[in-house]
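Pasting model_37.csv here (CSV, C-alpha atoms and all ligand atoms):
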chain,number,residue,atom,x,y,z
A,1275,MET,CA,-183.2,57.4,-56.2
A,1276,LEU,CA,-182.8,60.1,-53.6
A,1277,GLU,CA,-183.8,59.3,-50.1
A,1278,GLN,CA,-185.8,61.5,-47.8
A,1279,LYS,CA,-182.7,62.8,-46.0
A,1280,ASP,CA,-181.0,63.8,-49.3
A,1281,ARG,CA,-184.2,65.6,-50.4
A,1282,LEU,CA,-184.4,67.3,-47.0
A,1283,LYS,CA,-180.9,68.6,-47.4
A,1284,ASN,CA,-181.7,69.9,-50.9
A,1285,VAL,CA,-184.6,71.8,-49.5
A,1286,LEU,CA,-182.6,73.2,-46.5
A,1287,ASP,CA,-179.9,74.3,-49.0
A,1288,GLY,CA,-182.6,75.9,-51.2
A,1289,ILE,CA,-183.9,77.8,-48.2
A,1290,LYS,CA,-180.5,79.1,-47.3
A,1291,GLU,CA,-179.9,80.2,-50.9
A,1292,ALA,CA,-183.2,82.1,-51.0
A,1293,GLU,CA,-182.5,83.7,-47.6
A,1294,SER,CA,-179.2,84.9,-48.8
A,1295,GLN,CA,-180.6,86.2,-52.1
A,1296,ALA,CA,-183.3,88.1,-50.3
A,1297,ASP,CA,-180.7,89.6,-47.8
A,1298,ARG,CA,-182.4,87.8,-45.0
A,1299,ALA,CA,-180.7,86.4,-41.9
A,1300,PRO,CA,-179.6,82.8,-42.1
A,1301,GLY,CA,-182.1,80.7,-40.2
A,1302,SER,CA,-184.9,83.3,-40.4
A,1303,VAL,CA,-187.1,80.9,-42.3
A,1304,GLN,CA,-188.5,77.7,-40.7
A,1305,LEU,CA,-189.1,74.6,-42.7
A,1306,ILE,CA,-192.3,72.6,-42.0
A,1307,ALA,CA,-191.9,69.1,-43.5
A,1308,VAL,CA,-195.3,68.2,-44.7
A,1309,SER,CA,-195.8,64.4,-44.1
A,1310,LYS,CA,-199.4,64.0,-45.0
A,1311,THR,CA,-200.3,60.7,-46.6
A,1312,PHE,CA,-196.9,59.2,-45.6
A,1313,ASP,CA,-196.7,56.6,-42.8
A,1314,ALA,CA,-194.4,56.6,-39.8
A,1315,ASP,CA,-191.7,54.5,-41.6
A,1316,HIS,CA,-191.4,57.3,-44.2
A,1317,ILE,CA,-191.3,60.0,-41.6
A,1318,ARG,CA,-188.7,58.4,-39.3
A,1319,PRO,CA,-185.7,58.9,-41.7
A,1320,VAL,CA,-186.4,62.7,-41.6
A,1321,LEU,CA,-186.6,62.6,-37.8
A,1322,GLN,CA,-183.4,60.6,-37.7
A,1323,SER,CA,-181.6,63.2,-39.7
A,1324,GLY,CA,-182.5,65.7,-37.0
A,1325,HIS,CA,-185.5,67.6,-38.4
A,1326,ARG,CA,-188.2,68.2,-35.8
A,1327,ILE,CA,-190.9,70.4,-37.4
A,1328,PHE,CA,-193.7,68.6,-39.3
A,1329,GLY,CA,-197.0,69.5,-40.9
A,1330,GLU,CA,-200.1,67.4,-41.4
A,1331,ASN,CA,-203.5,68.4,-42.9
A,1332,ARG,CA,-205.9,65.9,-41.2
A,1333,VAL,CA,-206.4,65.5,-37.5
A,1334,GLN,CA,-207.6,61.9,-37.8
A,1335,GLU,CA,-204.7,60.7,-40.0
A,1336,SER,CA,-202.3,62.4,-37.6
A,1337,GLN,CA,-203.7,60.6,-34.6
A,1338,GLY,CA,-202.7,57.3,-36.3
A,1339,LYS,CA,-199.0,58.0,-36.5
A,1340,TRP,CA,-197.9,61.0,-34.4
A,1341,PRO,CA,-198.6,60.0,-30.8
A,1342,GLN,CA,-196.1,57.2,-31.3
A,1343,LEU,CA,-193.6,59.3,-33.2
A,1344,LYS,CA,-193.8,62.1,-30.6
A,1345,GLU,CA,-193.1,59.6,-27.9
A,1346,GLU,CA,-189.9,58.5,-29.8
A,1347,TYR,CA,-188.9,62.2,-30.5
A,1348,PRO,CA,-190.5,64.3,-27.8
A,1349,ASP,CA,-189.1,67.6,-29.0
A,1350,THR,CA,-191.1,67.3,-32.3
A,1351,GLU,CA,-193.3,70.3,-33.1
A,1352,LEU,CA,-196.4,69.3,-35.0
A,1353,HIS,CA,-198.3,71.8,-37.2
A,1354,LEU,CA,-201.9,71.4,-38.4
A,1355,ILE,CA,-202.0,73.0,-41.9
A,1356,GLY,CA,-205.4,71.7,-43.1
A,1357,PRO,CA,-208.9,72.8,-42.3
A,1358,LEU,CA,-210.1,72.2,-38.8
A,1359,GLN,CA,-213.7,71.1,-38.1
A,1360,SER,CA,-215.1,72.2,-34.8
A,1361,ASN,CA,-215.9,68.7,-33.7
A,1362,LYS,CA,-212.2,67.8,-33.9
A,1363,THR,CA,-211.0,70.8,-31.8
A,1364,SER,CA,-210.3,68.7,-28.7
A,1365,GLU,CA,-208.2,66.2,-30.5
A,1366,ALA,CA,-206.4,68.9,-32.5
A,1367,VAL,CA,-205.5,70.8,-29.3
A,1368,ALA,CA,-204.2,67.7,-27.6
A,1369,LEU,CA,-202.0,66.6,-30.5
A,1370,PHE,CA,-200.8,69.7,-32.3
A,1371,ASP,CA,-198.5,72.5,-31.2
A,1372,VAL,CA,-199.3,75.0,-33.9
A,1373,ILE,CA,-202.5,75.5,-36.0
A,1374,HIS,CA,-202.3,77.5,-39.3
A,1375,THR,CA,-206.0,77.4,-40.3
A,1376,VAL,CA,-208.1,79.5,-37.9
A,1377,ASP,CA,-210.5,81.1,-40.4
A,1378,ARG,CA,-213.9,81.6,-38.7
A,1379,GLU,CA,-215.5,82.7,-35.4
A,1380,LYS,CA,-216.7,79.3,-34.5
A,1381,ILE,CA,-213.2,77.8,-34.7
A,1382,ALA,CA,-211.7,80.7,-32.8
A,1383,LYS,CA,-214.2,80.2,-30.0
A,1384,ALA,CA,-213.8,76.4,-29.9
A,1385,LEU,CA,-210.0,76.7,-29.8
A,1386,ALA,CA,-210.1,79.2,-26.9
A,1387,LYS,CA,-212.4,76.9,-24.9
A,1388,GLU,CA,-210.3,73.8,-25.5
A,1389,MET,CA,-207.0,75.4,-24.8
A,1390,SER,CA,-208.3,76.6,-21.5
A,1391,LYS,CA,-209.8,73.3,-20.7
A,1392,GLN,CA,-206.6,71.3,-21.6
A,1393,ASP,CA,-204.4,74.0,-20.2
A,1394,ARG,CA,-202.4,74.1,-23.4
A,1395,VAL,CA,-201.3,77.2,-25.4
A,1396,LEU,CA,-200.9,76.6,-29.1
A,1397,LYS,CA,-199.5,79.0,-31.6
A,1398,LEU,CA,-202.2,80.1,-34.0
A,1399,TYR,CA,-202.3,81.5,-37.6
A,1400,VAL,CA,-205.2,82.9,-39.4
A,1401,GLN,CA,-205.7,81.4,-42.9
A,1402,VAL,CA,-206.5,84.0,-45.6
A,1403,ASN,CA,-208.2,83.0,-48.9
A,1404,THR,CA,-206.1,85.5,-50.9
A,1405,GLY,CA,-207.5,84.3,-54.2
A,1406,ARG,CA,-211.1,84.5,-52.9
A,1407,GLU,CA,-211.6,81.0,-54.2
A,1408,GLU,CA,-215.0,79.5,-53.5
A,1409,GLN,CA,-213.9,76.0,-52.7
A,1410,LYS,CA,-210.9,77.1,-50.6
A,1411,ALA,CA,-210.8,77.6,-46.8
A,1412,GLY,CA,-209.6,80.9,-45.3
A,1413,ILE,CA,-211.1,84.2,-44.4
A,1414,ASP,CA,-211.8,86.8,-47.1
A,1415,PRO,CA,-208.8,89.2,-47.3
A,1416,HIS,CA,-211.1,92.2,-46.7
A,1417,GLN,CA,-212.1,90.7,-43.3
A,1418,ALA,CA,-208.7,89.4,-42.2
A,1419,VAL,CA,-207.4,92.3,-40.1
A,1420,GLU,CA,-210.7,92.7,-38.3
A,1421,PHE,CA,-210.9,89.0,-37.6
A,1422,VAL,CA,-207.4,88.9,-36.1
A,1423,GLU,CA,-208.4,91.7,-33.8
A,1424,ARG,CA,-211.6,89.9,-32.8
A,1425,CYS,CA,-209.6,86.7,-32.1
A,1426,ARG,CA,-207.5,88.7,-29.7
A,1427,SER,CA,-210.1,90.9,-28.0
A,1428,GLU,CA,-213.1,88.5,-27.9
A,1429,HIS,CA,-211.5,85.2,-27.6
A,1430,GLY,CA,-208.1,86.0,-26.0
A,1431,LEU,CA,-206.2,84.2,-28.7
A,1432,LYS,CA,-202.7,85.0,-29.5
A,1433,ILE,CA,-202.5,85.0,-33.3
A,1434,VAL,CA,-198.8,84.9,-34.3
A,1435,GLY,CA,-199.3,85.2,-38.1
A,1436,LEU,CA,-201.2,84.7,-41.3
A,1437,MET,CA,-201.2,81.7,-43.7
A,1438,CYS,CA,-202.2,81.4,-47.4
A,1439,ILE,CA,-202.4,78.9,-50.2
A,1440,PRO,CA,-202.4,80.8,-53.5
A,1441,PRO,CA,-204.5,79.5,-56.4
A,1442,PHE,CA,-202.4,76.8,-58.0
A,1443,ASP,CA,-202.7,78.2,-61.5
A,1444,GLU,CA,-201.7,81.7,-60.7
A,1445,ASN,CA,-198.4,83.5,-60.2
A,1446,PRO,CA,-198.1,83.3,-56.4
A,1447,GLY,CA,-196.1,86.5,-55.9
A,1448,PRO,CA,-199.1,88.9,-55.7
A,1449,HIS,CA,-200.8,86.6,-53.1
A,1450,PHE,CA,-197.6,86.5,-51.0
A,1451,ALA,CA,-197.4,90.3,-51.2
A,1452,LEU,CA,-201.0,90.7,-50.1
A,1453,LEU,CA,-200.6,88.3,-47.2
A,1454,ARG,CA,-197.5,90.3,-46.0
A,1455,LYS,CA,-199.4,93.6,-46.3
A,1456,LEU,CA,-202.3,92.2,-44.3
A,1457,ALA,CA,-200.0,90.9,-41.6
A,1458,GLU,CA,-198.4,94.3,-41.3
A,1459,GLU,CA,-201.9,95.9,-40.9
A,1460,ALA,CA,-202.9,93.3,-38.3
A,1461,GLY,CA,-199.7,93.6,-36.4
A,1462,VAL,CA,-198.6,90.0,-36.6
A,1463,ALA,CA,-195.0,88.9,-37.4
A,1464,GLU,CA,-195.2,85.4,-38.9
A,1465,LEU,CA,-196.0,84.5,-42.5
A,1466,SER,CA,-196.8,80.8,-43.4
A,1467,MET,CA,-196.5,80.7,-47.1
A,1468,GLY,CA,-194.6,78.7,-49.8
A,1469,MET,CA,-194.8,75.1,-50.8
A,1470,SER,CA,-192.5,72.7,-52.8
A,1471,ALA,CA,-193.1,74.6,-56.1
A,1472,ASP,CA,-192.7,78.2,-54.8
A,1473,TYR,CA,-191.0,78.3,-51.4
A,1474,GLN,CA,-188.1,80.3,-52.8
A,1475,THR,CA,-190.4,82.9,-54.2
A,1476,ALA,CA,-192.3,83.0,-50.8
A,1477,ILE,CA,-189.0,83.6,-49.0
A,1478,GLU,CA,-188.3,86.5,-51.3
A,1479,PHE,CA,-191.7,88.0,-50.3
A,1480,GLY,CA,-191.0,87.6,-46.6
A,1481,SER,CA,-192.2,84.1,-45.6
A,1482,THR,CA,-191.1,83.0,-42.2
A,1483,SER,CA,-192.4,79.4,-42.5
A,1484,VAL,CA,-192.5,77.3,-45.7
A,1485,ARG,CA,-194.6,74.2,-45.8
A,1486,VAL,CA,-192.8,71.7,-48.0
A,1487,GLY,CA,-194.1,68.2,-48.7
A,1488,SER,CA,-193.4,66.4,-52.0
A,1489,ALA,CA,-189.9,68.0,-52.4
A,1490,ILE,CA,-188.9,66.0,-49.3
A,1491,PHE,CA,-191.2,62.9,-49.2
A,1492,GLY,CA,-191.7,62.4,-52.9
A,1493,ALA,CA,-194.9,62.4,-54.9
A,1494,ARG,CA,-198.1,61.6,-52.9
A,1495,GLY,CA,-199.8,58.4,-54.2
B,1,LIG,C1,-199.9,69.5,-48.9
B,1,LIG,C2,-199.7,70.8,-48.4
B,1,LIG,C3,-198.5,71.5,-48.5
B,1,LIG,C4,-197.3,70.9,-49.2
B,1,LIG,O1,-197.4,70.8,-50.5
B,1,LIG,P1,-196.2,70.3,-51.5
B,1,LIG,O2,-196.6,70.8,-52.8
B,1,LIG,O3,-196.2,68.8,-51.4
B,1,LIG,O4,-195.0,70.9,-51.0
B,1,LIG,C5,-198.4,72.8,-48.0
B,1,LIG,N1,-199.5,73.4,-47.5
B,1,LIG,C6,-200.7,72.8,-47.3
B,1,LIG,C7,-201.8,73.6,-46.7
B,1,LIG,C8,-200.8,71.5,-47.8
B,1,LIG,O5,-202.0,70.9,-47.7

Could you write out this structure as structure tokens?
Amino acid sequence: MLEQKDRLKNVLDGIKEAESQADRAPGSVQLIAVSKTFDADHIRPVLQSGHRIFGENRVQESQGKWPQLKEEYPDTELHLIGPLQSNKTSEAVALFDVIHTVDREKIAKALAKEMSKQDRVLKLYVQVNTGREEQKAGIDPHQAVEFVERCRSEHGLKIVGLMCIPPFDENPGPHFALLRKLAEEAGVAELSMGMSADYQTAIEFGSTSVRVGSAIFGARG
């Protein structure tokens, strides 16, 4: 059975290959290793092999493992890639370095307030519901550009990019293309798109951060 560090290497090789096929500079795509549902003992081998960028989708679960792991590996960068509830903003700002899921006014406002209170500046992405799925988080694509502008002008937030999760039963290409177009219109440079099944496609469409879980850590129980 492959271990985490072998799977990590396979994914890093897959990223390199996709960068080269898309004529993109080597190293232009960042890998976020998504460790949700896995405990610290499963995460440590990936840290030991030198990787430092991780993603989690729940604040509370992350509080149970990452304070200790961040103490062991202080240069770790932790990304929140799941929905943020406003009553968890304070904890999220204290623990995470990047948040990918800003998708409404209330969260933008709460983040601005907490970052100022804690004197911390996080990198922020706006999540866009490109498939306009009812059950999925993210702002409607028609409102995304205006929302990014409001985050800047009304809340003083620095939005670095856009994030999406395409509907799982659809070809992701058109969703990645839409996210890229919206990012250009909004004047943001980063694109958080692509997961285990489609990260190479996402790189073809300009992704700058892929969020890969099961291809590194194995199937989630
Ligand atoms: C779980 C998750 C991922 C990783 O999914 P895999 O298919 O395991 O690579 C990526 N993005 C988000 C938002 C997730 O919740």

If the limit is 6 Å from any atom of ligand LIG 1 (chain B), counting only C-alpha atoms and all ligand atoms, which residues qualify? Return them as a CSV table (one decimal) with C-alpha atoms, in the coordinates of the input.
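And here is the file that came out, pocket_32.csv:
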chain,number,residue,atom,x,y,z
A,1308,VAL,CA,-195.3,68.2,-44.7
A,1331,ASN,CA,-203.5,68.4,-42.9
A,1355,ILE,CA,-202.0,73.0,-41.9
A,1356,GLY,CA,-205.4,71.7,-43.1
A,1469,MET,CA,-194.8,75.1,-50.8
A,1470,SER,CA,-192.5,72.7,-52.8
A,1485,ARG,CA,-194.6,74.2,-45.8
A,1486,VAL,CA,-192.8,71.7,-48.0
A,1487,GLY,CA,-194.1,68.2,-48.7
A,1488,SER,CA,-193.4,66.4,-52.0

Neighbour list for Pro1441 in chain A as an mmCIF file with C-alpha atoms, in the frame of the given file, cut-off 12 Å, all atoms listed in the file, skip fewer than 3 positions in-chain:
data_model
loop_
_atom_site.group_PDB
_atom_site.id
_atom_site.type_symbol
_atom_site.label_atom_id
_atom_site.label_comp_id
_atom_site.auth_asym_id
_atom_site.auth_seq_id
_atom_site.Cartn_x
_atom_site.Cartn_y
_atom_site.Cartn_z
ATOM 1 C CA VAL A 1402 -206.500 84.000 -45.600
ATOM 2 C CA ASN A 1403 -208.200 83.000 -48.900
ATOM 3 C CA THR A 1404 -206.100 85.500 -50.900
ATOM 4 C CA GLY A 1405 -207.500 84.300 -54.200
ATOM 5 C CA ARG A 1406 -211.100 84.500 -52.900
ATOM 6 C CA GLU A 1407 -211.600 81.000 -54.200
ATOM 7 C CA GLU A 1408 -215.000 79.500 -53.500
ATOM 8 C CA GLN A 1409 -213.900 76.000 -52.700
ATOM 9 C CA LYS A 1410 -210.900 77.100 -50.600
ATOM 10 C CA ALA A 1411 -210.800 77.600 -46.800
ATOM 11 C CA CYS A 1438 -202.200 81.400 -47.400
ATOM 12 C CA GLU A 1444 -201.700 81.700 -60.700
ATOM 13 C CA ASN A 1445 -198.400 83.500 -60.200
ATOM 14 C CA PRO A 1446 -198.100 83.300 -56.400
ATOM 15 C CA GLY A 1447 -196.100 86.500 -55.900
ATOM 16 C CA PRO A 1448 -199.100 88.900 -55.700
ATOM 17 C CA HIS A 1449 -200.800 86.600 -53.100
ATOM 18 C CA PHE A 1450 -197.600 86.500 -51.000
ATOM 19 C CA GLY A 1468 -194.600 78.700 -49.800
ATOM 20 C CA ASP A 1472 -192.700 78.200 -54.800
#

Counting all atoms listed in the file, which residues in range 1429-1480 of chain A sit no more than 8 Å from range 1275-1296 of chain A? For each one, give the nearest pair of atoms and the distance in Å, sorted by chain then residue number, as a tab-separated table.
residue	atom	partner	partner_atom	distance
A:Tyr1473	CA	A:Ile1289	CA	7.8
A:Gln1474	CA	A:Ala1292	CA	5.5
A:Thr1475	CA	A:Ala1292	CA	7.9
A:Ile1477	CA	A:Ala1292	CA	6.3
A:Glu1478	CA	A:Ala1296	CA	5.3

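If you measure from each of A:Gly1412, A:Ser1364, A:Val1372, A:Pro1341 to Lys1391 in chain A using all atoms listed in the file, the closest one turns out to be A:Ser1364.
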
>> My list of candidates is A:Ile1327, A:Val1462, A:Ala1418, A:Ala1384. Which is closest to His1353 in chain A when distances are computed with only C-alpha atoms?
In response: A:Ile1327

>> Would you compute the distance between CA of Lys1397 in chain A and CA of Arg1454 in chain A? Give it in Å to one decimal.
In response: 18.4 Å

> Which is closest to Gly1338 in chain A among A:Phe1442, A:Tyr1399, A:Phe1491, A:Phe1312, if we use only C-alpha atoms?
Replying inline: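 Selected residue with least distance to Gly1338 in chain A: A:Phe1312.
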
My structure is short of atoms at range 1305-1330 of chain A; please model N, CA, C and O atoms there, returning them as a JSON list (two decimals), keeping the file's coordinate frame.
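Okay, this is what ended up in out39.json:
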[["chain", "number", "residue", "atom", "x", "y", "z"],
["A", 1305, "LEU", "N", -188.56, 75.56, -41.75],
["A", 1305, "LEU", "CA", -189.10, 74.60, -42.70],
["A", 1305, "LEU", "C", -190.06, 73.63, -41.93],
["A", 1305, "LEU", "O", -189.70, 72.98, -40.95],
["A", 1306, "ILE", "N", -191.30, 73.59, -42.44],
["A", 1306, "ILE", "CA", -192.30, 72.60, -42.00],
["A", 1306, "ILE", "C", -192.30, 71.48, -42.98],
["A", 1306, "ILE", "O", -192.69, 71.69, -44.14],
["A", 1307, "ALA", "N", -191.86, 70.29, -42.57],
["A", 1307, "ALA", "CA", -191.90, 69.10, -43.50],
["A", 1307, "ALA", "C", -193.26, 68.53, -43.46],
["A", 1307, "ALA", "O", -193.72, 68.02, -42.44],
["A", 1308, "VAL", "N", -193.94, 68.60, -44.61],
["A", 1308, "VAL", "CA", -195.30, 68.20, -44.70],
["A", 1308, "VAL", "C", -195.44, 66.69, -45.00],
["A", 1308, "VAL", "O", -195.15, 66.27, -46.12],
["A", 1309, "SER", "N", -195.81, 65.90, -44.00],
["A", 1309, "SER", "CA", -195.80, 64.40, -44.10],
["A", 1309, "SER", "C", -197.11, 63.79, -44.37],
["A", 1309, "SER", "O", -197.25, 62.57, -44.25],
["A", 1310, "LYS", "N", -198.11, 64.58, -44.74],
["A", 1310, "LYS", "CA", -199.40, 64.00, -45.00],
["A", 1310, "LYS", "C", -199.38, 62.90, -46.02],
["A", 1310, "LYS", "O", -198.58, 62.96, -46.95],
["A", 1311, "THR", "N", -200.19, 61.88, -45.82],
["A", 1311, "THR", "CA", -200.30, 60.70, -46.60],
["A", 1311, "THR", "C", -199.13, 59.68, -46.45],
["A", 1311, "THR", "O", -199.20, 58.55, -46.90],
["A", 1312, "PHE", "N", -198.05, 60.10, -45.82],
["A", 1312, "PHE", "CA", -196.90, 59.20, -45.60],
["A", 1312, "PHE", "C", -196.98, 58.57, -44.22],
["A", 1312, "PHE", "O", -197.34, 59.24, -43.25],
["A", 1313, "ASP", "N", -196.62, 57.28, -44.14],
["A", 1313, "ASP", "CA", -196.70, 56.60, -42.80],
["A", 1313, "ASP", "C", -195.43, 56.82, -42.02],
["A", 1313, "ASP", "O", -194.44, 57.37, -42.51],
["A", 1314, "ALA", "N", -195.48, 56.32, -40.80],
["A", 1314, "ALA", "CA", -194.40, 56.60, -39.80],
["A", 1314, "ALA", "C", -193.04, 56.10, -40.38],
["A", 1314, "ALA", "O", -192.02, 56.76, -40.14],
["A", 1315, "ASP", "N", -193.02, 55.00, -41.14],
["A", 1315, "ASP", "CA", -191.70, 54.50, -41.60],
["A", 1315, "ASP", "C", -191.10, 55.45, -42.67],
["A", 1315, "ASP", "O", -189.89, 55.43, -42.85],
["A", 1316, "HIS", "N", -191.91, 56.25, -43.33],
["A", 1316, "HIS", "CA", -191.40, 57.30, -44.20],
["A", 1316, "HIS", "C", -190.94, 58.52, -43.51],
["A", 1316, "HIS", "O", -190.12, 59.28, -44.01],
["A", 1317, "ILE", "N", -191.54, 58.74, -42.36],
["A", 1317, "ILE", "CA", -191.30, 60.00, -41.60],
["A", 1317, "ILE", "C", -190.00, 59.82, -40.75],
["A", 1317, "ILE", "O", -189.22, 60.76, -40.60],
["A", 1318, "ARG", "N", -189.80, 58.60, -40.22],
["A", 1318, "ARG", "CA", -188.70, 58.40, -39.30],
["A", 1318, "ARG", "C", -187.30, 58.79, -39.87],
["A", 1318, "ARG", "O", -186.51, 59.40, -39.14],
["A", 1319, "PRO", "N", -186.99, 58.51, -41.16],
["A", 1319, "PRO", "CA", -185.70, 58.90, -41.70],
["A", 1319, "PRO", "C", -185.45, 60.45, -41.54],
["A", 1319, "PRO", "O", -184.33, 60.90, -41.30],
["A", 1320, "VAL", "N", -186.53, 61.20, -41.69],
["A", 1320, "VAL", "CA", -186.40, 62.70, -41.60],
["A", 1320, "VAL", "C", -186.18, 63.06, -40.12],
["A", 1320, "VAL", "O", -185.35, 63.92, -39.81],
["A", 1321, "LEU", "N", -186.87, 62.38, -39.21],
["A", 1321, "LEU", "CA", -186.60, 62.60, -37.80],
["A", 1321, "LEU", "C", -185.20, 62.20, -37.41],
["A", 1321, "LEU", "O", -184.50, 62.90, -36.67],
["A", 1322, "GLN", "N", -184.75, 61.06, -37.98],
["A", 1322, "GLN", "CA", -183.40, 60.60, -37.70],
["A", 1322, "GLN", "C", -182.33, 61.53, -38.16],
["A", 1322, "GLN", "O", -181.25, 61.60, -37.57],
["A", 1323, "SER", "N", -182.62, 62.28, -39.25],
["A", 1323, "SER", "CA", -181.60, 63.20, -39.70],
["A", 1323, "SER", "C", -181.67, 64.54, -38.94],
["A", 1323, "SER", "O", -180.96, 65.48, -39.26],
["A", 1324, "GLY", "N", -182.53, 64.61, -37.93],
["A", 1324, "GLY", "CA", -182.50, 65.70, -37.00],
["A", 1324, "GLY", "C", -183.61, 66.75, -37.17],
["A", 1324, "GLY", "O", -183.73, 67.68, -36.37],
["A", 1325, "HIS", "N", -184.44, 66.59, -38.20],
["A", 1325, "HIS", "CA", -185.50, 67.60, -38.40],
["A", 1325, "HIS", "C", -186.64, 67.29, -37.38],
["A", 1325, "HIS", "O", -186.94, 66.16, -37.07],
["A", 1326, "ARG", "N", -187.23, 68.37, -36.87],
["A", 1326, "ARG", "CA", -188.20, 68.20, -35.80],
["A", 1326, "ARG", "C", -189.56, 68.94, -36.06],
["A", 1326, "ARG", "O", -190.44, 68.90, -35.21],
["A", 1327, "ILE", "N", -189.69, 69.63, -37.17],
["A", 1327, "ILE", "CA", -190.90, 70.40, -37.40],
["A", 1327, "ILE", "C", -191.68, 69.79, -38.57],
["A", 1327, "ILE", "O", -191.16, 69.71, -39.69],
["A", 1328, "PHE", "N", -192.90, 69.35, -38.30],
["A", 1328, "PHE", "CA", -193.70, 68.60, -39.30],
["A", 1328, "PHE", "C", -195.09, 69.20, -39.44],
["A", 1328, "PHE", "O", -195.62, 69.79, -38.48],
["A", 1329, "GLY", "N", -195.67, 69.04, -40.62],
["A", 1329, "GLY", "CA", -197.00, 69.50, -40.90],
["A", 1329, "GLY", "C", -197.90, 68.37, -41.37],
["A", 1329, "GLY", "O", -197.45, 67.50, -42.13],
["A", 1330, "GLU", "N", -199.16, 68.39, -40.94],
["A", 1330, "GLU", "CA", -200.10, 67.40, -41.40],
["A", 1330, "GLU", "C", -201.42, 68.18, -41.72],
["A", 1330, "GLU", "O", -201.67, 69.24, -41.14]]
